[in-house]
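With compact mmCIF, N, CA and C atoms inside, this is work-v7.txt:
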```
# COMPACT_ATOMS: atom_id res chain seq x y z
N ASN A 7 134.71 195.72 81.44
CA ASN A 7 133.58 195.14 82.15
C ASN A 7 133.85 193.68 82.45
N LEU A 8 133.64 193.29 83.68
CA LEU A 8 133.77 191.91 84.08
C LEU A 8 132.39 191.35 84.36
N LEU A 9 132.17 190.11 83.99
CA LEU A 9 130.89 189.47 84.25
C LEU A 9 131.06 188.35 85.24
N PHE A 10 130.17 188.27 86.19
CA PHE A 10 130.16 187.21 87.19
C PHE A 10 128.73 186.69 87.26
N ASP A 11 128.59 185.39 87.39
CA ASP A 11 127.24 184.85 87.54
C ASP A 11 127.09 184.20 88.91
N SER A 12 125.93 183.60 89.14
CA SER A 12 125.64 183.06 90.47
C SER A 12 126.53 181.89 90.84
N THR A 13 127.24 181.31 89.88
CA THR A 13 128.13 180.19 90.19
C THR A 13 129.57 180.65 90.40
N SER A 14 129.84 181.94 90.21
CA SER A 14 131.20 182.45 90.39
C SER A 14 131.63 182.31 91.84
N THR A 15 132.85 181.83 92.03
CA THR A 15 133.35 181.66 93.40
C THR A 15 134.28 182.78 93.82
N LYS A 16 134.87 183.47 92.87
CA LYS A 16 135.74 184.60 93.20
C LYS A 16 135.10 185.86 92.65
N LEU A 17 134.70 186.71 93.56
CA LEU A 17 134.05 187.96 93.19
C LEU A 17 134.92 189.13 93.62
N PRO A 18 134.85 190.24 92.90
CA PRO A 18 135.68 191.39 93.27
C PRO A 18 135.17 192.05 94.55
N CYS A 19 136.07 192.71 95.24
CA CYS A 19 135.67 193.53 96.39
C CYS A 19 134.93 194.75 95.86
N ILE A 20 134.00 195.25 96.65
CA ILE A 20 133.26 196.43 96.19
C ILE A 20 134.17 197.65 96.23
N GLU A 21 133.91 198.54 95.30
CA GLU A 21 134.66 199.80 95.21
C GLU A 21 133.67 200.93 94.95
N LEU A 22 134.02 202.11 95.39
CA LEU A 22 133.20 203.28 95.15
C LEU A 22 133.02 203.47 93.64
N GLY A 23 131.80 203.68 93.20
CA GLY A 23 131.53 203.87 91.78
C GLY A 23 131.24 202.59 91.02
N MET A 24 131.48 201.45 91.65
CA MET A 24 131.25 200.16 91.00
C MET A 24 129.76 200.01 90.66
N VAL A 25 129.48 199.51 89.47
CA VAL A 25 128.11 199.26 89.03
C VAL A 25 127.92 197.75 88.93
N TYR A 26 126.80 197.27 89.43
CA TYR A 26 126.50 195.86 89.27
C TYR A 26 125.04 195.69 88.90
N GLU A 27 124.80 194.64 88.16
CA GLU A 27 123.45 194.35 87.69
C GLU A 27 123.00 193.02 88.25
N LEU A 28 121.73 192.94 88.58
CA LEU A 28 121.13 191.71 89.08
C LEU A 28 119.93 191.37 88.21
N ASN A 29 119.73 190.08 88.02
CA ASN A 29 118.52 189.60 87.37
C ASN A 29 117.66 188.97 88.45
N LEU A 30 116.60 189.64 88.83
CA LEU A 30 115.74 189.16 89.91
C LEU A 30 114.60 188.34 89.32
N LYS A 31 114.42 187.15 89.85
CA LYS A 31 113.33 186.28 89.41
C LYS A 31 112.19 186.41 90.41
N LEU A 32 111.03 186.80 89.90
CA LEU A 32 109.87 187.02 90.76
C LEU A 32 108.85 185.91 90.53
N ALA A 33 108.61 185.15 91.57
CA ALA A 33 107.60 184.08 91.55
C ALA A 33 107.76 183.15 90.35
N LYS A 34 108.98 182.96 89.90
CA LYS A 34 109.30 182.08 88.76
C LYS A 34 108.55 182.46 87.49
N LEU A 35 107.99 183.65 87.46
CA LEU A 35 107.23 184.09 86.29
C LEU A 35 107.88 185.23 85.54
N LEU A 36 108.60 186.06 86.26
CA LEU A 36 109.07 187.31 85.69
C LEU A 36 110.53 187.53 86.06
N ASN A 37 111.33 187.89 85.08
CA ASN A 37 112.72 188.27 85.34
C ASN A 37 112.83 189.79 85.22
N VAL A 38 113.40 190.40 86.25
CA VAL A 38 113.54 191.85 86.27
C VAL A 38 115.02 192.19 86.41
N GLY A 39 115.54 192.93 85.45
CA GLY A 39 116.93 193.37 85.52
C GLY A 39 117.02 194.69 86.26
N VAL A 40 117.92 194.78 87.22
CA VAL A 40 118.12 196.03 87.95
C VAL A 40 119.62 196.33 88.04
N ALA A 41 119.94 197.60 88.09
CA ALA A 41 121.34 198.03 88.20
C ALA A 41 121.50 198.90 89.43
N PHE A 42 122.64 198.76 90.08
CA PHE A 42 122.96 199.54 91.27
C PHE A 42 124.37 200.10 91.12
N GLN A 43 124.63 201.22 91.77
CA GLN A 43 125.97 201.78 91.82
C GLN A 43 126.35 202.03 93.27
N ILE A 44 127.57 201.62 93.64
CA ILE A 44 128.08 201.86 94.98
C ILE A 44 128.39 203.35 95.08
N THR A 45 127.72 204.05 96.00
CA THR A 45 127.90 205.50 96.11
C THR A 45 128.56 205.93 97.42
N GLU A 46 128.67 205.01 98.37
CA GLU A 46 129.36 205.34 99.62
C GLU A 46 129.91 204.07 100.25
N ILE A 47 131.16 204.14 100.64
CA ILE A 47 131.78 203.10 101.47
C ILE A 47 132.47 203.85 102.59
N ASN A 48 131.92 203.77 103.78
CA ASN A 48 132.46 204.49 104.93
C ASN A 48 132.95 203.45 105.94
N GLU A 49 134.25 203.18 105.89
CA GLU A 49 134.81 202.15 106.77
C GLU A 49 134.72 202.54 108.24
N ALA A 50 134.90 203.81 108.55
CA ALA A 50 134.86 204.25 109.95
C ALA A 50 133.47 204.06 110.54
N GLU A 51 132.43 204.41 109.78
CA GLU A 51 131.05 204.29 110.26
C GLU A 51 130.43 202.94 109.91
N LYS A 52 131.16 202.13 109.13
CA LYS A 52 130.68 200.80 108.71
C LYS A 52 129.38 200.91 107.91
N ILE A 53 129.44 201.69 106.83
CA ILE A 53 128.27 201.93 105.99
C ILE A 53 128.61 201.63 104.53
N ILE A 54 127.68 200.96 103.86
CA ILE A 54 127.75 200.78 102.42
C ILE A 54 126.44 201.31 101.86
N GLU A 55 126.54 202.16 100.84
CA GLU A 55 125.32 202.71 100.23
C GLU A 55 125.38 202.48 98.73
N PHE A 56 124.24 202.14 98.15
CA PHE A 56 124.17 202.03 96.71
C PHE A 56 122.86 202.63 96.22
N THR A 57 122.92 203.19 95.01
CA THR A 57 121.73 203.81 94.43
C THR A 57 121.30 203.00 93.22
N TYR A 58 120.04 203.16 92.87
CA TYR A 58 119.47 202.44 91.75
C TYR A 58 119.92 203.09 90.44
N GLY A 59 120.10 202.29 89.42
CA GLY A 59 120.50 202.81 88.11
C GLY A 59 119.42 203.69 87.50
N LYS A 60 119.84 204.60 86.65
CA LYS A 60 118.91 205.58 86.09
C LYS A 60 117.84 204.95 85.19
N ASP A 61 118.11 203.75 84.65
CA ASP A 61 117.13 203.10 83.78
C ASP A 61 116.18 202.16 84.53
N ASN A 62 116.35 202.04 85.84
CA ASN A 62 115.44 201.21 86.63
C ASN A 62 114.05 201.85 86.67
N LYS A 63 113.04 201.03 86.94
CA LYS A 63 111.67 201.55 87.06
C LYS A 63 111.51 202.43 88.29
N SER A 64 112.29 202.14 89.34
CA SER A 64 112.24 202.98 90.54
C SER A 64 113.60 203.60 90.76
N HIS A 65 113.61 204.65 91.54
CA HIS A 65 114.86 205.34 91.86
C HIS A 65 114.95 205.45 93.37
N GLY A 66 116.16 205.39 93.87
CA GLY A 66 116.33 205.49 95.31
C GLY A 66 117.69 204.98 95.72
N ARG A 67 117.78 204.62 96.99
CA ARG A 67 119.05 204.15 97.52
C ARG A 67 118.80 203.10 98.58
N GLN A 68 119.83 202.32 98.81
CA GLN A 68 119.81 201.39 99.92
C GLN A 68 121.09 201.62 100.71
N ARG A 69 120.95 201.52 102.00
CA ARG A 69 122.08 201.77 102.90
C ARG A 69 122.16 200.61 103.87
N ILE A 70 123.35 200.03 103.97
CA ILE A 70 123.59 198.93 104.89
C ILE A 70 124.55 199.43 105.96
N VAL A 71 124.13 199.33 107.21
CA VAL A 71 124.94 199.79 108.34
C VAL A 71 125.24 198.58 109.21
N PHE A 72 126.51 198.41 109.55
CA PHE A 72 126.95 197.31 110.40
C PHE A 72 127.22 197.86 111.80
N LYS A 73 126.51 197.34 112.80
CA LYS A 73 126.66 197.79 114.19
C LYS A 73 127.18 196.63 115.02
N LYS A 74 128.33 196.84 115.66
CA LYS A 74 128.90 195.81 116.52
C LYS A 74 128.40 196.00 117.94
N GLU A 75 127.89 194.91 118.50
CA GLU A 75 127.45 194.90 119.90
C GLU A 75 127.99 193.63 120.53
N GLY A 76 128.99 193.80 121.38
CA GLY A 76 129.63 192.63 121.99
C GLY A 76 130.32 191.81 120.91
N ASN A 77 130.05 190.52 120.88
CA ASN A 77 130.68 189.67 119.87
C ASN A 77 129.76 189.44 118.67
N LYS A 78 128.73 190.26 118.53
CA LYS A 78 127.78 190.14 117.42
C LYS A 78 127.81 191.39 116.56
N THR A 79 127.46 191.22 115.31
CA THR A 79 127.31 192.34 114.40
C THR A 79 125.88 192.36 113.89
N PHE A 80 125.21 193.47 114.07
CA PHE A 80 123.86 193.64 113.57
C PHE A 80 123.93 194.37 112.23
N ILE A 81 123.14 193.91 111.29
CA ILE A 81 123.10 194.52 109.97
C ILE A 81 121.76 195.23 109.84
N ILE A 82 121.82 196.54 109.65
CA ILE A 82 120.60 197.35 109.50
C ILE A 82 120.54 197.78 108.04
N HIS A 83 119.46 197.47 107.40
CA HIS A 83 119.34 197.71 105.96
C HIS A 83 118.18 198.68 105.70
N TYR A 84 118.54 199.88 105.25
CA TYR A 84 117.54 200.91 104.93
C TYR A 84 117.30 200.91 103.43
N SER A 85 116.07 201.11 103.04
CA SER A 85 115.74 201.15 101.62
C SER A 85 114.78 202.30 101.37
N ASN A 86 115.15 203.20 100.48
CA ASN A 86 114.30 204.32 100.08
C ASN A 86 114.12 204.26 98.57
N PHE A 87 112.90 204.32 98.11
CA PHE A 87 112.66 204.21 96.68
C PHE A 87 111.42 205.00 96.29
N LYS A 88 111.36 205.36 95.03
CA LYS A 88 110.19 206.06 94.49
C LYS A 88 110.17 205.79 92.99
N SER A 89 108.97 205.54 92.50
CA SER A 89 108.81 205.36 91.06
C SER A 89 107.74 206.34 90.56
N ASP A 90 107.35 206.17 89.32
CA ASP A 90 106.30 207.04 88.78
C ASP A 90 104.90 206.49 89.04
N SER A 91 104.81 205.42 89.85
CA SER A 91 103.51 204.81 90.14
C SER A 91 103.28 204.73 91.65
N LYS A 92 102.27 205.44 92.12
CA LYS A 92 101.93 205.38 93.55
C LYS A 92 101.49 203.97 93.94
N PHE A 93 100.76 203.29 93.05
CA PHE A 93 100.32 201.92 93.33
C PHE A 93 101.53 201.01 93.51
N ARG A 94 102.48 201.10 92.59
CA ARG A 94 103.69 200.27 92.67
C ARG A 94 104.45 200.57 93.96
N ASP A 95 104.59 201.85 94.30
CA ASP A 95 105.34 202.24 95.50
C ASP A 95 104.66 201.77 96.78
N LYS A 96 103.33 201.78 96.79
CA LYS A 96 102.61 201.44 98.02
C LYS A 96 102.34 199.94 98.16
N HIS A 97 102.04 199.26 97.06
CA HIS A 97 101.57 197.88 97.16
C HIS A 97 102.56 196.82 96.66
N LEU A 98 103.36 197.14 95.68
CA LEU A 98 104.25 196.12 95.11
C LEU A 98 105.66 196.17 95.68
N TYR A 99 106.30 197.33 95.61
CA TYR A 99 107.70 197.42 96.01
C TYR A 99 107.97 197.07 97.47
N PRO A 100 107.15 197.51 98.41
CA PRO A 100 107.48 197.16 99.81
C PRO A 100 107.59 195.65 100.03
N LYS A 101 106.65 194.87 99.51
CA LYS A 101 106.71 193.41 99.66
C LYS A 101 107.88 192.84 98.89
N PHE A 102 108.09 193.35 97.69
CA PHE A 102 109.20 192.90 96.86
C PHE A 102 110.53 193.18 97.54
N HIS A 103 110.69 194.38 98.06
CA HIS A 103 111.93 194.75 98.74
C HIS A 103 112.15 193.89 99.98
N GLU A 104 111.10 193.68 100.74
CA GLU A 104 111.24 192.85 101.95
C GLU A 104 111.68 191.44 101.58
N LYS A 105 111.08 190.87 100.54
CA LYS A 105 111.45 189.52 100.11
C LYS A 105 112.91 189.49 99.64
N CYS A 106 113.29 190.47 98.84
CA CYS A 106 114.67 190.52 98.33
C CYS A 106 115.67 190.70 99.46
N MET A 107 115.35 191.58 100.40
CA MET A 107 116.28 191.82 101.51
C MET A 107 116.38 190.59 102.41
N ASP A 108 115.26 189.92 102.65
CA ASP A 108 115.30 188.69 103.45
C ASP A 108 116.19 187.65 102.78
N GLU A 109 116.03 187.51 101.46
CA GLU A 109 116.84 186.54 100.72
C GLU A 109 118.31 186.96 100.72
N PHE A 110 118.57 188.24 100.52
CA PHE A 110 119.94 188.76 100.53
C PHE A 110 120.62 188.46 101.86
N HIS A 111 119.94 188.75 102.96
CA HIS A 111 120.54 188.53 104.27
C HIS A 111 120.65 187.04 104.61
N ALA A 112 119.71 186.24 104.14
CA ALA A 112 119.83 184.78 104.33
C ALA A 112 121.05 184.25 103.58
N ASN A 113 121.29 184.77 102.37
CA ASN A 113 122.48 184.37 101.61
C ASN A 113 123.75 184.78 102.34
N LEU A 114 123.77 186.00 102.87
CA LEU A 114 124.94 186.45 103.64
C LEU A 114 125.17 185.56 104.85
N HIS A 115 124.10 185.22 105.54
CA HIS A 115 124.20 184.36 106.73
C HIS A 115 124.79 183.00 106.35
N GLU A 116 124.35 182.43 105.24
CA GLU A 116 124.88 181.14 104.78
C GLU A 116 126.36 181.26 104.41
N LEU A 117 126.73 182.36 103.75
CA LEU A 117 128.14 182.56 103.40
C LEU A 117 129.00 182.68 104.65
N ILE A 118 128.52 183.39 105.65
CA ILE A 118 129.27 183.55 106.90
C ILE A 118 129.40 182.21 107.60
N LYS A 119 128.31 181.43 107.63
CA LYS A 119 128.38 180.10 108.25
C LYS A 119 129.38 179.22 107.52
N LEU A 120 129.37 179.26 106.18
CA LEU A 120 130.29 178.46 105.39
C LEU A 120 131.73 178.89 105.64
N LYS A 121 131.96 180.21 105.68
CA LYS A 121 133.31 180.72 105.92
C LYS A 121 133.78 180.33 107.33
N THR A 122 132.89 180.44 108.31
CA THR A 122 133.23 180.06 109.68
C THR A 122 133.55 178.58 109.76
N LYS A 123 132.73 177.76 109.11
CA LYS A 123 132.96 176.31 109.10
C LYS A 123 134.30 175.99 108.44
N THR A 124 134.58 176.63 107.31
CA THR A 124 135.84 176.42 106.61
C THR A 124 137.01 176.83 107.49
N GLN A 125 136.89 177.96 108.18
CA GLN A 125 137.96 178.42 109.06
C GLN A 125 138.16 177.45 110.21
N GLN A 126 137.06 176.94 110.78
CA GLN A 126 137.16 175.96 111.87
C GLN A 126 137.83 174.68 111.38
N GLU A 127 137.47 174.25 110.16
CA GLU A 127 138.09 173.05 109.59
C GLU A 127 139.59 173.26 109.39
N LYS A 128 139.99 174.45 108.94
CA LYS A 128 141.41 174.75 108.78
C LYS A 128 142.13 174.69 110.12
N GLU A 129 141.48 175.21 111.17
CA GLU A 129 142.09 175.17 112.51
C GLU A 129 142.25 173.73 112.99
N ILE A 130 141.25 172.89 112.73
CA ILE A 130 141.34 171.47 113.13
C ILE A 130 142.48 170.79 112.40
N ILE A 131 142.58 171.03 111.09
CA ILE A 131 143.67 170.43 110.31
C ILE A 131 145.01 170.93 110.82
N LYS A 132 145.11 172.22 111.12
CA LYS A 132 146.35 172.79 111.64
C LYS A 132 146.70 172.12 112.97
N ASP A 133 145.70 171.96 113.87
CA ASP A 133 145.94 171.31 115.15
C ASP A 133 146.37 169.86 114.96
N GLN A 134 145.72 169.15 114.02
CA GLN A 134 146.08 167.76 113.75
C GLN A 134 147.51 167.67 113.21
N ASN A 135 147.87 168.58 112.32
CA ASN A 135 149.23 168.58 111.77
C ASN A 135 150.25 168.87 112.86
N THR A 136 149.91 169.78 113.78
CA THR A 136 150.81 170.08 114.89
C THR A 136 151.02 168.84 115.75
N ILE A 137 149.93 168.13 116.03
CA ILE A 137 150.03 166.91 116.84
C ILE A 137 150.86 165.86 116.10
N ILE A 138 150.57 165.67 114.81
CA ILE A 138 151.31 164.67 114.02
C ILE A 138 152.78 165.04 113.94
N ASN A 139 153.07 166.31 113.68
CA ASN A 139 154.47 166.75 113.62
C ASN A 139 155.14 166.59 114.97
N GLY A 140 154.41 166.86 116.04
CA GLY A 140 154.96 166.69 117.39
C GLY A 140 155.29 165.25 117.68
N LEU A 141 154.43 164.33 117.24
CA LEU A 141 154.68 162.90 117.45
C LEU A 141 155.87 162.42 116.64
N ALA A 142 156.05 163.00 115.47
CA ALA A 142 157.15 162.57 114.60
C ALA A 142 158.50 162.90 115.21
N PHE A 143 158.56 163.90 116.07
CA PHE A 143 159.84 164.31 116.64
C PHE A 143 160.07 163.77 118.03
N GLU A 144 159.15 162.97 118.58
CA GLU A 144 159.33 162.43 119.93
C GLU A 144 160.21 161.22 119.91
```
Represent the structure contained in this file as structure tokens.
Amino acid sequence: NLLFDSTSTKLPCIELGMVYELNLKLAKLLNVGVAFQITEINEAEKIIEFTYGKDNKSHGRQRIVFKKEGNKTFIIHYSNFKSDSKFRDKHLYPKFHEKCMDEFHANLHELIKLKTKTQQEKEIIKDQNTIINGLAFE
């Protein structure tokens, strides 16, 4: 078992069967531990699916589908869940899931922006080095 926390900079690639646990903080009042298992990675269809751990309060799955349109990629996130409480399923989980998914996708967006910025900076440095090296040989 490997442990990674929110400050980890090198994380493993996902693999089929991989289990991961999250500690979700709700309104700074409550910490909820949840476990997920990767149950499908379909590279051809661009799908990642994970199911909730058996000890979670709710059971279900989440499916992330990546759709390319032109030079953009749309991320479609499906969530199906059921617990032993109709009240929880109708009134609590939908808002909770929406908040978690919004935060998850905002984090992904920030990571992509950071990676793009880092890649652009590398290209600028490479271009500058090419210019400097070119000047050195003139």
| DSSP-assigned strand (DSSP E) members of region 19-135 of chain A, reported as number ranges by chain | A: 25-32, 36-48, 53-58, 64-75, 78-89
For the residues in that selection, give me N, CA and C atoms as a compact mmCIF listing (two decimals), in the coordinates of the input.
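Written out: selection_22.txt:
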```
# COMPACT_ATOMS: atom_id res chain seq x y z
N VAL A 25 129.48 199.51 89.47
CA VAL A 25 128.11 199.26 89.03
C VAL A 25 127.92 197.75 88.93
N TYR A 26 126.80 197.27 89.43
CA TYR A 26 126.50 195.86 89.27
C TYR A 26 125.04 195.69 88.90
N GLU A 27 124.80 194.64 88.16
CA GLU A 27 123.45 194.35 87.69
C GLU A 27 123.00 193.02 88.25
N LEU A 28 121.73 192.94 88.58
CA LEU A 28 121.13 191.71 89.08
C LEU A 28 119.93 191.37 88.21
N ASN A 29 119.73 190.08 88.02
CA ASN A 29 118.52 189.60 87.37
C ASN A 29 117.66 188.97 88.45
N LEU A 30 116.60 189.64 88.83
CA LEU A 30 115.74 189.16 89.91
C LEU A 30 114.60 188.34 89.32
N LYS A 31 114.42 187.15 89.85
CA LYS A 31 113.33 186.28 89.41
C LYS A 31 112.19 186.41 90.41
N LEU A 32 111.03 186.80 89.90
CA LEU A 32 109.87 187.02 90.76
C LEU A 32 108.85 185.91 90.53
N LEU A 36 108.60 186.06 86.26
CA LEU A 36 109.07 187.31 85.69
C LEU A 36 110.53 187.53 86.06
N ASN A 37 111.33 187.89 85.08
CA ASN A 37 112.72 188.27 85.34
C ASN A 37 112.83 189.79 85.22
N VAL A 38 113.40 190.40 86.25
CA VAL A 38 113.54 191.85 86.27
C VAL A 38 115.02 192.19 86.41
N GLY A 39 115.54 192.93 85.45
CA GLY A 39 116.93 193.37 85.52
C GLY A 39 117.02 194.69 86.26
N VAL A 40 117.92 194.78 87.22
CA VAL A 40 118.12 196.03 87.95
C VAL A 40 119.62 196.33 88.04
N ALA A 41 119.94 197.60 88.09
CA ALA A 41 121.34 198.03 88.20
C ALA A 41 121.50 198.90 89.43
N PHE A 42 122.64 198.76 90.08
CA PHE A 42 122.96 199.54 91.27
C PHE A 42 124.37 200.10 91.12
N GLN A 43 124.63 201.22 91.77
CA GLN A 43 125.97 201.78 91.82
C GLN A 43 126.35 202.03 93.27
N ILE A 44 127.57 201.62 93.64
CA ILE A 44 128.08 201.86 94.98
C ILE A 44 128.39 203.35 95.08
N THR A 45 127.72 204.05 96.00
CA THR A 45 127.90 205.50 96.11
C THR A 45 128.56 205.93 97.42
N GLU A 46 128.67 205.01 98.37
CA GLU A 46 129.36 205.34 99.62
C GLU A 46 129.91 204.07 100.25
N ILE A 47 131.16 204.14 100.64
CA ILE A 47 131.78 203.10 101.47
C ILE A 47 132.47 203.85 102.59
N ASN A 48 131.92 203.77 103.78
CA ASN A 48 132.46 204.49 104.93
C ASN A 48 132.95 203.45 105.94
N ILE A 53 129.44 201.69 106.83
CA ILE A 53 128.27 201.93 105.99
C ILE A 53 128.61 201.63 104.53
N ILE A 54 127.68 200.96 103.86
CA ILE A 54 127.75 200.78 102.42
C ILE A 54 126.44 201.31 101.86
N GLU A 55 126.54 202.16 100.84
CA GLU A 55 125.32 202.71 100.23
C GLU A 55 125.38 202.48 98.73
N PHE A 56 124.24 202.14 98.15
CA PHE A 56 124.17 202.03 96.71
C PHE A 56 122.86 202.63 96.22
N THR A 57 122.92 203.19 95.01
CA THR A 57 121.73 203.81 94.43
C THR A 57 121.30 203.00 93.22
N TYR A 58 120.04 203.16 92.87
CA TYR A 58 119.47 202.44 91.75
C TYR A 58 119.92 203.09 90.44
N SER A 64 112.29 202.14 89.34
CA SER A 64 112.24 202.98 90.54
C SER A 64 113.60 203.60 90.76
N HIS A 65 113.61 204.65 91.54
CA HIS A 65 114.86 205.34 91.86
C HIS A 65 114.95 205.45 93.37
N GLY A 66 116.16 205.39 93.87
CA GLY A 66 116.33 205.49 95.31
C GLY A 66 117.69 204.98 95.72
N ARG A 67 117.78 204.62 96.99
CA ARG A 67 119.05 204.15 97.52
C ARG A 67 118.80 203.10 98.58
N GLN A 68 119.83 202.32 98.81
CA GLN A 68 119.81 201.39 99.92
C GLN A 68 121.09 201.62 100.71
N ARG A 69 120.95 201.52 102.00
CA ARG A 69 122.08 201.77 102.90
C ARG A 69 122.16 200.61 103.87
N ILE A 70 123.35 200.03 103.97
CA ILE A 70 123.59 198.93 104.89
C ILE A 70 124.55 199.43 105.96
N VAL A 71 124.13 199.33 107.21
CA VAL A 71 124.94 199.79 108.34
C VAL A 71 125.24 198.58 109.21
N PHE A 72 126.51 198.41 109.55
CA PHE A 72 126.95 197.31 110.40
C PHE A 72 127.22 197.86 111.80
N LYS A 73 126.51 197.34 112.80
CA LYS A 73 126.66 197.79 114.19
C LYS A 73 127.18 196.63 115.02
N LYS A 74 128.33 196.84 115.66
CA LYS A 74 128.90 195.81 116.52
C LYS A 74 128.40 196.00 117.94
N GLU A 75 127.89 194.91 118.50
CA GLU A 75 127.45 194.90 119.90
C GLU A 75 127.99 193.63 120.53
N LYS A 78 128.73 190.26 118.53
CA LYS A 78 127.78 190.14 117.42
C LYS A 78 127.81 191.39 116.56
N THR A 79 127.46 191.22 115.31
CA THR A 79 127.31 192.34 114.40
C THR A 79 125.88 192.36 113.89
N PHE A 80 125.21 193.47 114.07
CA PHE A 80 123.86 193.64 113.57
C PHE A 80 123.93 194.37 112.23
N ILE A 81 123.14 193.91 111.29
CA ILE A 81 123.10 194.52 109.97
C ILE A 81 121.76 195.23 109.84
N ILE A 82 121.82 196.54 109.65
CA ILE A 82 120.60 197.35 109.50
C ILE A 82 120.54 197.78 108.04
N HIS A 83 119.46 197.47 107.40
CA HIS A 83 119.34 197.71 105.96
C HIS A 83 118.18 198.68 105.70
N TYR A 84 118.54 199.88 105.25
CA TYR A 84 117.54 200.91 104.93
C TYR A 84 117.30 200.91 103.43
N SER A 85 116.07 201.11 103.04
CA SER A 85 115.74 201.15 101.62
C SER A 85 114.78 202.30 101.37
N ASN A 86 115.15 203.20 100.48
CA ASN A 86 114.30 204.32 100.08
C ASN A 86 114.12 204.26 98.57
N PHE A 87 112.90 204.32 98.11
CA PHE A 87 112.66 204.21 96.68
C PHE A 87 111.42 205.00 96.29
N LYS A 88 111.36 205.36 95.03
CA LYS A 88 110.19 206.06 94.49
C LYS A 88 110.17 205.79 92.99
N SER A 89 108.97 205.54 92.50
CA SER A 89 108.81 205.36 91.06
C SER A 89 107.74 206.34 90.56
```
| query | Mind pulling up the distance from atom C of Arg69 (chain A) to CA of Asn86 (chain A)? | reply | 9.5 Å
| message | Counting only C-alpha atoms, which residues have an atom no more than 9 Å from (126.9, 204.2, 99.3) in the file's coordinates? Please list them as a ChimeraX atom specification. | response | /A:22-23,43-48,53-57,67-70
| task | Work out how far apart CA of Val40 (chain A) and atom C of Phe72 (chain A) are and give it in Å to one decimal. | result | 25.6 Å
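The gap separating CA of Glu49 (chain A) from CA of Lys88 (chain A) is 27.8 Å, in Å to one decimal.
The shortest atom-to-atom distance to Ile118 (chain A), with only C-alpha atoms taken into account, belongs to A:Thr79 out of A:Asn37, A:Asn29, A:Thr79, A:Ser91.
Between Pro100 (chain A) and the residues A:Phe87, A:Ala50, A:Lys74, A:Ala112, the shortest atom-to-atom distance, using only C-alpha atoms, involves A:Phe87.
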